[in-house]
file my_file_26.txt (compact mmCIF, N, CA, C and O atoms)
# COMPACT_ATOMS: atom_id res chain seq x y z
N ASP Q 1 120.45 88.12 129.71
CA ASP Q 1 121.21 89.35 129.80
C ASP Q 1 121.15 90.16 128.50
O ASP Q 1 122.09 90.88 128.18
N PHE Q 2 120.05 90.05 127.78
CA PHE Q 2 119.90 90.83 126.55
C PHE Q 2 119.87 92.32 126.88
O PHE Q 2 119.12 92.77 127.72
N LEU Q 3 120.74 93.09 126.25
CA LEU Q 3 120.89 94.53 126.47
C LEU Q 3 121.19 94.87 127.93
O LEU Q 3 120.79 95.90 128.43
N GLY Q 4 121.88 93.99 128.62
CA GLY Q 4 122.31 94.28 129.98
C GLY Q 4 121.37 93.81 131.08
O GLY Q 4 121.53 94.19 132.23
N GLY Q 5 120.39 93.04 130.77
CA GLY Q 5 119.46 92.54 131.79
C GLY Q 5 118.14 93.29 131.78
O GLY Q 5 117.98 94.34 131.15
N TYR Q 6 117.19 92.75 132.51
CA TYR Q 6 115.82 93.26 132.48
C TYR Q 6 115.72 94.71 132.96
O TYR Q 6 114.94 95.49 132.42
N THR Q 7 116.46 95.08 133.97
CA THR Q 7 116.34 96.42 134.55
C THR Q 7 117.40 97.39 134.05
O THR Q 7 117.51 98.49 134.59
N SER Q 8 118.15 97.03 133.03
CA SER Q 8 119.20 97.92 132.56
C SER Q 8 118.62 99.12 131.82
O SER Q 8 117.52 99.09 131.28
N PHE Q 9 119.38 100.19 131.81
CA PHE Q 9 118.97 101.43 131.15
C PHE Q 9 118.74 101.21 129.66
O PHE Q 9 117.76 101.68 129.09
N ARG Q 10 119.62 100.46 129.03
CA ARG Q 10 119.52 100.22 127.59
C ARG Q 10 118.23 99.49 127.24
O ARG Q 10 117.52 99.86 126.31
N ARG Q 11 117.92 98.46 128.00
CA ARG Q 11 116.71 97.70 127.69
C ARG Q 11 115.45 98.50 127.99
O ARG Q 11 114.46 98.41 127.28
N ARG Q 12 115.48 99.31 129.04
CA ARG Q 12 114.32 100.16 129.35
C ARG Q 12 114.03 101.13 128.21
O ARG Q 12 112.88 101.38 127.87
N LEU Q 13 115.07 101.71 127.64
CA LEU Q 13 114.86 102.65 126.54
C LEU Q 13 114.35 101.96 125.28
O LEU Q 13 113.53 102.52 124.56
N VAL Q 14 114.81 100.76 125.02
CA VAL Q 14 114.30 100.02 123.87
C VAL Q 14 112.82 99.70 124.09
O VAL Q 14 112.01 99.83 123.16
N ARG Q 15 112.46 99.31 125.30
CA ARG Q 15 111.05 99.04 125.60
C ARG Q 15 110.21 100.32 125.49
O ARG Q 15 109.09 100.30 125.00
N LEU Q 16 110.75 101.44 125.95
CA LEU Q 16 110.04 102.72 125.84
C LEU Q 16 109.84 103.09 124.38
O LEU Q 16 108.75 103.54 123.98
N GLY Q 17 110.85 102.90 123.55
CA GLY Q 17 110.71 103.17 122.12
C GLY Q 17 109.67 102.26 121.47
O GLY Q 17 108.91 102.68 120.61
N HIS Q 18 109.63 101.02 121.92
CA HIS Q 18 108.67 100.05 121.41
C HIS Q 18 107.25 100.46 121.76
O HIS Q 18 106.33 100.30 120.96
N ILE Q 19 107.04 101.02 122.93
CA ILE Q 19 105.71 101.43 123.37
C ILE Q 19 105.30 102.78 122.79
O ILE Q 19 104.16 102.98 122.38
N CYS Q 20 106.23 103.73 122.74
CA CYS Q 20 105.85 105.07 122.28
C CYS Q 20 105.61 105.11 120.78
O CYS Q 20 104.89 106.00 120.31
N PHE Q 21 106.14 104.17 120.03
CA PHE Q 21 105.91 104.16 118.59
C PHE Q 21 104.42 104.00 118.26
O PHE Q 21 103.85 104.86 117.59
N PRO Q 22 103.73 102.96 118.75
CA PRO Q 22 102.29 102.87 118.44
C PRO Q 22 101.46 103.88 119.22
O PRO Q 22 100.43 104.35 118.73
N ALA Q 23 101.88 104.23 120.43
CA ALA Q 23 101.09 105.16 121.24
C ALA Q 23 101.05 106.54 120.60
O ALA Q 23 99.98 107.16 120.50
N LEU Q 24 102.18 107.05 120.17
CA LEU Q 24 102.20 108.36 119.52
C LEU Q 24 101.53 108.30 118.15
O LEU Q 24 100.93 109.29 117.71
N GLY Q 25 101.60 107.17 117.50
CA GLY Q 25 100.87 107.00 116.25
C GLY Q 25 99.37 107.07 116.46
O GLY Q 25 98.64 107.68 115.67
N MET Q 26 98.88 106.46 117.56
CA MET Q 26 97.45 106.52 117.87
C MET Q 26 97.03 107.96 118.20
O MET Q 26 95.95 108.40 117.79
N ILE Q 27 97.87 108.68 118.92
CA ILE Q 27 97.56 110.08 119.23
C ILE Q 27 97.48 110.88 117.93
O ILE Q 27 96.59 111.73 117.77
N ASN Q 28 98.37 110.62 117.00
CA ASN Q 28 98.35 111.32 115.71
C ASN Q 28 97.08 111.01 114.94
O ASN Q 28 96.45 111.91 114.36
N VAL Q 29 96.66 109.76 114.93
CA VAL Q 29 95.42 109.39 114.23
C VAL Q 29 94.22 110.02 114.91
O VAL Q 29 93.32 110.55 114.24
N LEU Q 30 94.18 110.01 116.24
CA LEU Q 30 93.07 110.63 116.95
C LEU Q 30 93.01 112.13 116.70
O LEU Q 30 91.93 112.71 116.56
N TYR Q 31 94.15 112.77 116.61
CA TYR Q 31 94.17 114.20 116.28
C TYR Q 31 93.64 114.42 114.87
O TYR Q 31 92.87 115.35 114.63
N GLY Q 32 94.02 113.57 113.95
CA GLY Q 32 93.54 113.71 112.58
C GLY Q 32 92.05 113.47 112.44
O GLY Q 32 91.40 114.04 111.58
N LEU Q 33 91.48 112.61 113.30
CA LEU Q 33 90.04 112.33 113.26
C LEU Q 33 89.21 113.33 114.05
O LEU Q 33 87.99 113.35 113.93
N SER Q 34 89.87 114.15 114.85
CA SER Q 34 89.13 115.14 115.65
C SER Q 34 88.60 116.24 114.73
O SER Q 34 89.12 116.47 113.64
N PRO Q 35 87.59 116.95 115.17
CA PRO Q 35 87.03 118.02 114.32
C PRO Q 35 87.96 119.23 114.20
O PRO Q 35 87.78 120.06 113.32
N LEU Q 36 88.96 119.35 115.05
CA LEU Q 36 89.84 120.53 115.04
C LEU Q 36 90.61 120.71 113.73
O LEU Q 36 90.62 121.81 113.18
N PRO Q 37 91.26 119.66 113.18
CA PRO Q 37 92.08 119.91 111.99
C PRO Q 37 91.27 120.29 110.74
O PRO Q 37 91.84 120.72 109.76
N THR Q 38 89.96 120.15 110.75
CA THR Q 38 89.19 120.48 109.55
C THR Q 38 89.18 121.97 109.26
O THR Q 38 88.87 122.39 108.15
N ALA Q 39 89.50 122.78 110.27
CA ALA Q 39 89.55 124.22 110.05
C ALA Q 39 90.67 124.58 109.08
O ALA Q 39 90.58 125.56 108.34
N GLY Q 40 91.75 123.82 109.07
CA GLY Q 40 92.83 124.02 108.11
C GLY Q 40 93.68 125.25 108.36
O GLY Q 40 94.35 125.72 107.45
N GLY Q 41 93.66 125.77 109.56
CA GLY Q 41 94.44 126.95 109.88
C GLY Q 41 95.91 126.64 110.08
O GLY Q 41 96.35 125.48 110.08
N ILE Q 42 96.67 127.69 110.25
CA ILE Q 42 98.12 127.54 110.42
C ILE Q 42 98.46 126.78 111.69
O ILE Q 42 99.39 125.97 111.72
N TRP Q 43 97.70 127.01 112.76
CA TRP Q 43 98.00 126.34 114.04
C TRP Q 43 97.72 124.85 113.95
O TRP Q 43 98.45 124.04 114.51
N GLU Q 44 96.66 124.48 113.24
CA GLU Q 44 96.33 123.06 113.10
C GLU Q 44 97.37 122.34 112.26
O GLU Q 44 97.75 121.21 112.59
N ARG Q 45 97.84 122.99 111.22
CA ARG Q 45 98.89 122.38 110.39
C ARG Q 45 100.20 122.25 111.15
O ARG Q 45 100.90 121.25 111.04
N ALA Q 46 100.53 123.28 111.93
CA ALA Q 46 101.76 123.23 112.73
C ALA Q 46 101.68 122.13 113.78
O ALA Q 46 102.65 121.39 113.99
N ALA Q 47 100.51 122.00 114.42
CA ALA Q 47 100.34 120.94 115.41
C ALA Q 47 100.46 119.56 114.77
O ALA Q 47 101.10 118.65 115.32
N SER Q 48 99.87 119.40 113.60
CA SER Q 48 99.93 118.13 112.90
C SER Q 48 101.37 117.76 112.54
O SER Q 48 101.79 116.61 112.74
N LEU Q 49 102.12 118.72 112.04
CA LEU Q 49 103.52 118.46 111.70
C LEU Q 49 104.35 118.13 112.95
O LEU Q 49 105.23 117.27 112.92
N CYS Q 50 104.07 118.82 114.05
CA CYS Q 50 104.80 118.54 115.29
C CYS Q 50 104.46 117.17 115.85
O CYS Q 50 105.33 116.47 116.35
N PHE Q 51 103.18 116.78 115.77
CA PHE Q 51 102.80 115.43 116.21
C PHE Q 51 103.51 114.37 115.35
O PHE Q 51 103.99 113.37 115.87
N LEU Q 52 103.57 114.62 114.07
CA LEU Q 52 104.24 113.68 113.16
C LEU Q 52 105.73 113.60 113.47
O LEU Q 52 106.30 112.50 113.58
N ALA Q 53 106.38 114.75 113.63
CA ALA Q 53 107.81 114.76 113.94
C ALA Q 53 108.10 114.11 115.28
O ALA Q 53 109.04 113.33 115.41
N GLY Q 54 107.28 114.40 116.28
CA GLY Q 54 107.47 113.78 117.59
C GLY Q 54 107.25 112.28 117.56
O GLY Q 54 107.94 111.52 118.25
N GLY Q 55 106.28 111.84 116.76
CA GLY Q 55 106.01 110.41 116.64
C GLY Q 55 107.13 109.64 115.97
O GLY Q 55 107.27 108.44 116.18
N VAL Q 56 107.92 110.31 115.17
CA VAL Q 56 109.07 109.67 114.54
C VAL Q 56 110.33 109.84 115.40
O VAL Q 56 111.10 108.89 115.58
N LEU Q 57 110.51 111.03 115.94
CA LEU Q 57 111.74 111.32 116.69
C LEU Q 57 111.81 110.60 118.03
O LEU Q 57 112.90 110.16 118.44
N MET Q 58 110.68 110.47 118.74
CA MET Q 58 110.74 109.86 120.08
C MET Q 58 111.17 108.40 120.03
O MET Q 58 112.11 108.00 120.74
N PRO Q 59 110.55 107.53 119.23
CA PRO Q 59 111.04 106.14 119.19
C PRO Q 59 112.47 106.05 118.66
O PRO Q 59 113.27 105.25 119.16
N ALA Q 60 112.78 106.86 117.65
CA ALA Q 60 114.14 106.82 117.10
C ALA Q 60 115.17 107.21 118.15
O ALA Q 60 116.21 106.56 118.28
N THR Q 61 114.87 108.23 118.92
CA THR Q 61 115.79 108.66 119.98
C THR Q 61 115.90 107.60 121.07
O THR Q 61 117.00 107.35 121.57
N CYS Q 62 114.79 106.97 121.42
CA CYS Q 62 114.84 105.90 122.43
C CYS Q 62 115.70 104.74 121.95
O CYS Q 62 116.54 104.23 122.70
N PHE Q 63 115.49 104.31 120.70
CA PHE Q 63 116.27 103.19 120.18
C PHE Q 63 117.75 103.55 120.04
O PHE Q 63 118.62 102.74 120.37
N LEU Q 64 118.03 104.75 119.57
CA LEU Q 64 119.43 105.17 119.43
C LEU Q 64 120.12 105.28 120.79
O LEU Q 64 121.28 104.91 120.93
N THR Q 65 119.40 105.78 121.79
CA THR Q 65 119.99 105.90 123.13
C THR Q 65 120.20 104.52 123.75
O THR Q 65 121.16 104.31 124.48
N GLY Q 66 119.30 103.58 123.46
CA GLY Q 66 119.50 102.21 123.93
C GLY Q 66 120.71 101.57 123.27
O GLY Q 66 121.38 100.73 123.87
N TRP Q 67 121.01 101.99 122.07
CA TRP Q 67 122.16 101.46 121.35
C TRP Q 67 123.46 102.11 121.83
O TRP Q 67 124.42 101.42 122.16
N ARG Q 68 123.48 103.45 121.84
CA ARG Q 68 124.65 104.21 122.29
C ARG Q 68 124.16 105.34 123.20
O ARG Q 68 123.36 106.16 122.78
N GLU Q 69 124.67 105.38 124.40
CA GLU Q 69 124.16 106.34 125.39
C GLU Q 69 124.43 107.80 125.02
O GLU Q 69 123.74 108.70 125.49
N ARG Q 70 125.37 108.05 124.14
CA ARG Q 70 125.65 109.45 123.77
C ARG Q 70 124.49 110.10 123.02
O ARG Q 70 124.39 111.31 122.96
N PHE Q 71 123.57 109.29 122.46
CA PHE Q 71 122.40 109.84 121.78
C PHE Q 71 121.37 110.38 122.77
O PHE Q 71 120.36 110.95 122.36
N ARG Q 72 121.62 110.23 124.04
CA ARG Q 72 120.72 110.73 125.08
C ARG Q 72 120.54 112.24 124.98
O ARG Q 72 119.51 112.78 125.37
N GLN Q 73 121.52 112.91 124.41
CA GLN Q 73 121.45 114.37 124.27
C GLN Q 73 120.40 114.80 123.26
O GLN Q 73 120.06 115.98 123.19
N LEU Q 74 119.88 113.88 122.48
CA LEU Q 74 118.86 114.22 121.48
C LEU Q 74 117.44 114.27 122.05
O LEU Q 74 116.53 114.70 121.35
N PHE Q 75 117.24 113.86 123.28
CA PHE Q 75 115.89 113.79 123.85
C PHE Q 75 115.14 115.12 123.87
O PHE Q 75 113.92 115.13 123.75
N PRO Q 76 115.79 116.27 124.00
CA PRO Q 76 115.01 117.52 123.95
C PRO Q 76 114.28 117.73 122.62
O PRO Q 76 113.24 118.38 122.59
N LEU Q 77 114.78 117.18 121.52
CA LEU Q 77 114.12 117.37 120.22
C LEU Q 77 112.71 116.77 120.17
O LEU Q 77 111.76 117.48 119.85
N PRO Q 78 112.52 115.47 120.47
CA PRO Q 78 111.16 114.95 120.42
C PRO Q 78 110.26 115.53 121.50
O PRO Q 78 109.07 115.76 121.28
N VAL Q 79 110.83 115.80 122.66
CA VAL Q 79 110.03 116.39 123.74
C VAL Q 79 109.54 117.77 123.33
O VAL Q 79 108.36 118.11 123.50
N LEU Q 80 110.42 118.57 122.76
CA LEU Q 80 110.04 119.92 122.32
C LEU Q 80 108.98 119.87 121.23
O LEU Q 80 108.01 120.64 121.26
N THR Q 81 109.12 118.96 120.27
CA THR Q 81 108.13 118.90 119.20
C THR Q 81 106.76 118.47 119.72
O THR Q 81 105.73 119.01 119.29
N LEU Q 82 106.73 117.55 120.68
CA LEU Q 82 105.44 117.12 121.22
C LEU Q 82 104.81 118.19 122.11
O LEU Q 82 103.59 118.37 122.09
N VAL Q 83 105.62 118.91 122.85
CA VAL Q 83 105.10 120.02 123.67
C VAL Q 83 104.56 121.11 122.75
O VAL Q 83 103.48 121.67 123.00
N LEU Q 84 105.28 121.42 121.69
CA LEU Q 84 104.79 122.41 120.73
C LEU Q 84 103.50 121.95 120.06
O LEU Q 84 102.61 122.77 119.80
N ALA Q 85 103.38 120.66 119.80
CA ALA Q 85 102.15 120.14 119.20
C ALA Q 85 100.95 120.39 120.11
O ALA Q 85 99.88 120.81 119.66
N VAL Q 86 101.14 120.18 121.40
CA VAL Q 86 100.05 120.42 122.35
C VAL Q 86 99.73 121.91 122.42
O VAL Q 86 98.57 122.31 122.42
N ILE Q 87 100.76 122.75 122.47
CA ILE Q 87 100.55 124.20 122.53
C ILE Q 87 99.83 124.68 121.27
O ILE Q 87 98.86 125.45 121.36
N PHE Q 88 100.26 124.23 120.09
CA PHE Q 88 99.61 124.64 118.85
C PHE Q 88 98.17 124.13 118.79
O PHE Q 88 97.29 124.81 118.26
N THR Q 89 97.92 122.94 119.33
CA THR Q 89 96.55 122.42 119.37
C THR Q 89 95.67 123.31 120.23
O THR Q 89 94.54 123.63 119.87
N LEU Q 90 96.17 123.69 121.39
CA LEU Q 90 95.40 124.55 122.28
C LEU Q 90 95.16 125.93 121.67
O LEU Q 90 94.08 126.50 121.78
N ILE Q 91 96.17 126.48 121.03
CA ILE Q 91 96.01 127.78 120.38
C ILE Q 91 94.99 127.68 119.23
O ILE Q 91 94.12 128.55 119.09
N GLY Q 92 95.09 126.62 118.44
CA GLY Q 92 94.15 126.44 117.33
C GLY Q 92 92.72 126.21 117.80
O GLY Q 92 91.77 126.65 117.15
N ALA Q 93 92.56 125.56 118.94
CA ALA Q 93 91.21 125.31 119.46
C ALA Q 93 90.59 126.58 120.03
O ALA Q 93 89.38 126.74 120.01
N SER Q 94 91.43 127.48 120.53
CA SER Q 94 90.88 128.69 121.14
C SER Q 94 90.62 129.79 120.11
O SER Q 94 89.93 130.76 120.41
N SER Q 95 91.19 129.66 118.91
CA SER Q 95 90.98 130.73 117.92
C SER Q 95 89.92 130.39 116.91
O SER Q 95 89.31 129.42 116.87

call {"tool": "encode", "arguments": {"input": "my_file_26.txt", "output": "structure tokens"}}
result
Amino acid sequence: DFLGGYTSFRRRLVRLGHICFPALGMINVLYGLSPLPTAGGIWERAASLCFLAGGVLMPATCFLTGWRERFRQLFPLPVLTLVLAVIFTLIGASS
């Protein structure tokens, strides 16, 4: 019955945080190794910062929500930063 059992909301969020931490880190590394960031433009830097912020905020929000459910209100922050990272990547690739 750790964190309320296998199918509990708290344990699911801790598992999600555990998985998204290395997964978002790999996406960040792959973005850094891609030829796009070598241009050094404003959009590439903004995308890089958003990927970094999302990679830190998403696992932290998952772990905090697994600990106390009131932190669930923070989920728009990592989602917004990762969506912005994709948008900035697309804008930077098209310009």

call {"tool": "atom_distance", "arguments": {"input": "my_file_26.txt", "atom1": "CA of Pro22 in chain Q", "atom2": "CA of Arg72 in chain Q"}}
result
21.1 Å

call {"tool": "residues_around", "arguments": {"input": "my_file_26.txt", "residues": "Phe75 in chain Q", "least_positions_apart": "6", "cutoff": "10 Å", "atoms": "only C-alpha atoms", "output": "list in words"}}
result
Leu57, Met58, Ala60, Thr61, Cys62 and Thr65 of chain Q

call {"tool": "closest_residue", "arguments": {"input": "my_file_26.txt", "among": "Q:Gln73, Q:Trp67, Q:Gly92, Q:Gly55", "to": "Phe21 in chain Q", "atoms": "all atoms listed in the file"}}
result
Q:Gly55

call {"tool": "atom_distance", "arguments": {"input": "my_file_26.txt", "atom1": "CA of Phe71 in chain Q", "atom2": "CA of Gly17 in chain Q"}}
result
13.5 Å

call {"tool": "closest_residue", "arguments": {"input": "my_file_26.txt", "among": "Q:Gly66, Q:Gly32, Q:Gly54, Q:Pro59", "to": "Leu82 in chain Q", "atoms": "all atoms listed in the file"}}
result
Q:Gly54

call {"tool": "atom_distance", "arguments": {"input": "my_file_26.txt", "atom1": "CA of Pro78 in chain Q", "atom2": "CA of Ile42 in chain Q"}}
result
20.7 Å

call {"tool": "axis_aligned_box", "arguments": {"input": "my_file_26.txt", "around": "range 60-64 of chain Q", "padding_each_side": "8 Å", "output": "lines of an AutoDock Vina configuration file"}}
result
center_x = 117.0
center_y = 105.7
center_z = 119.9
size_x = 24.5
size_y = 21.9
size_z = 21.6

call {"tool": "closest_residue", "arguments": {"input": "my_file_26.txt", "among": "Q:Arg68, Q:Val14, Q:Leu24, Q:Phe88", "to": "Phe51 in chain Q", "atoms": "only N, CA, C and O atoms"}}
result
Q:Leu24

call {"tool": "select_by_dssp", "arguments": {"input": "my_file_26.txt", "residues": "chain Q", "states": "alpha helix (DSSP H)", "output": "ChimeraX atom specification"}}
result
/Q:9-33,42-67,76-94

call {"tool": "closest_residue", "arguments": {"input": "my_file_26.txt", "among": "Q:Ile87, Q:Val79, Q:Leu52, Q:Leu16", "to": "Asn28 in chain Q", "atoms": "all atoms listed in the file"}}
result
Q:Leu52

call {"tool": "closest_residue", "arguments": {"input": "my_file_26.txt", "among": "Q:Ser8, Q:Tyr31, Q:Val56, Q:Arg70", "to": "Glu44 in chain Q", "atoms": "all atoms listed in the file"}}
result
Q:Tyr31
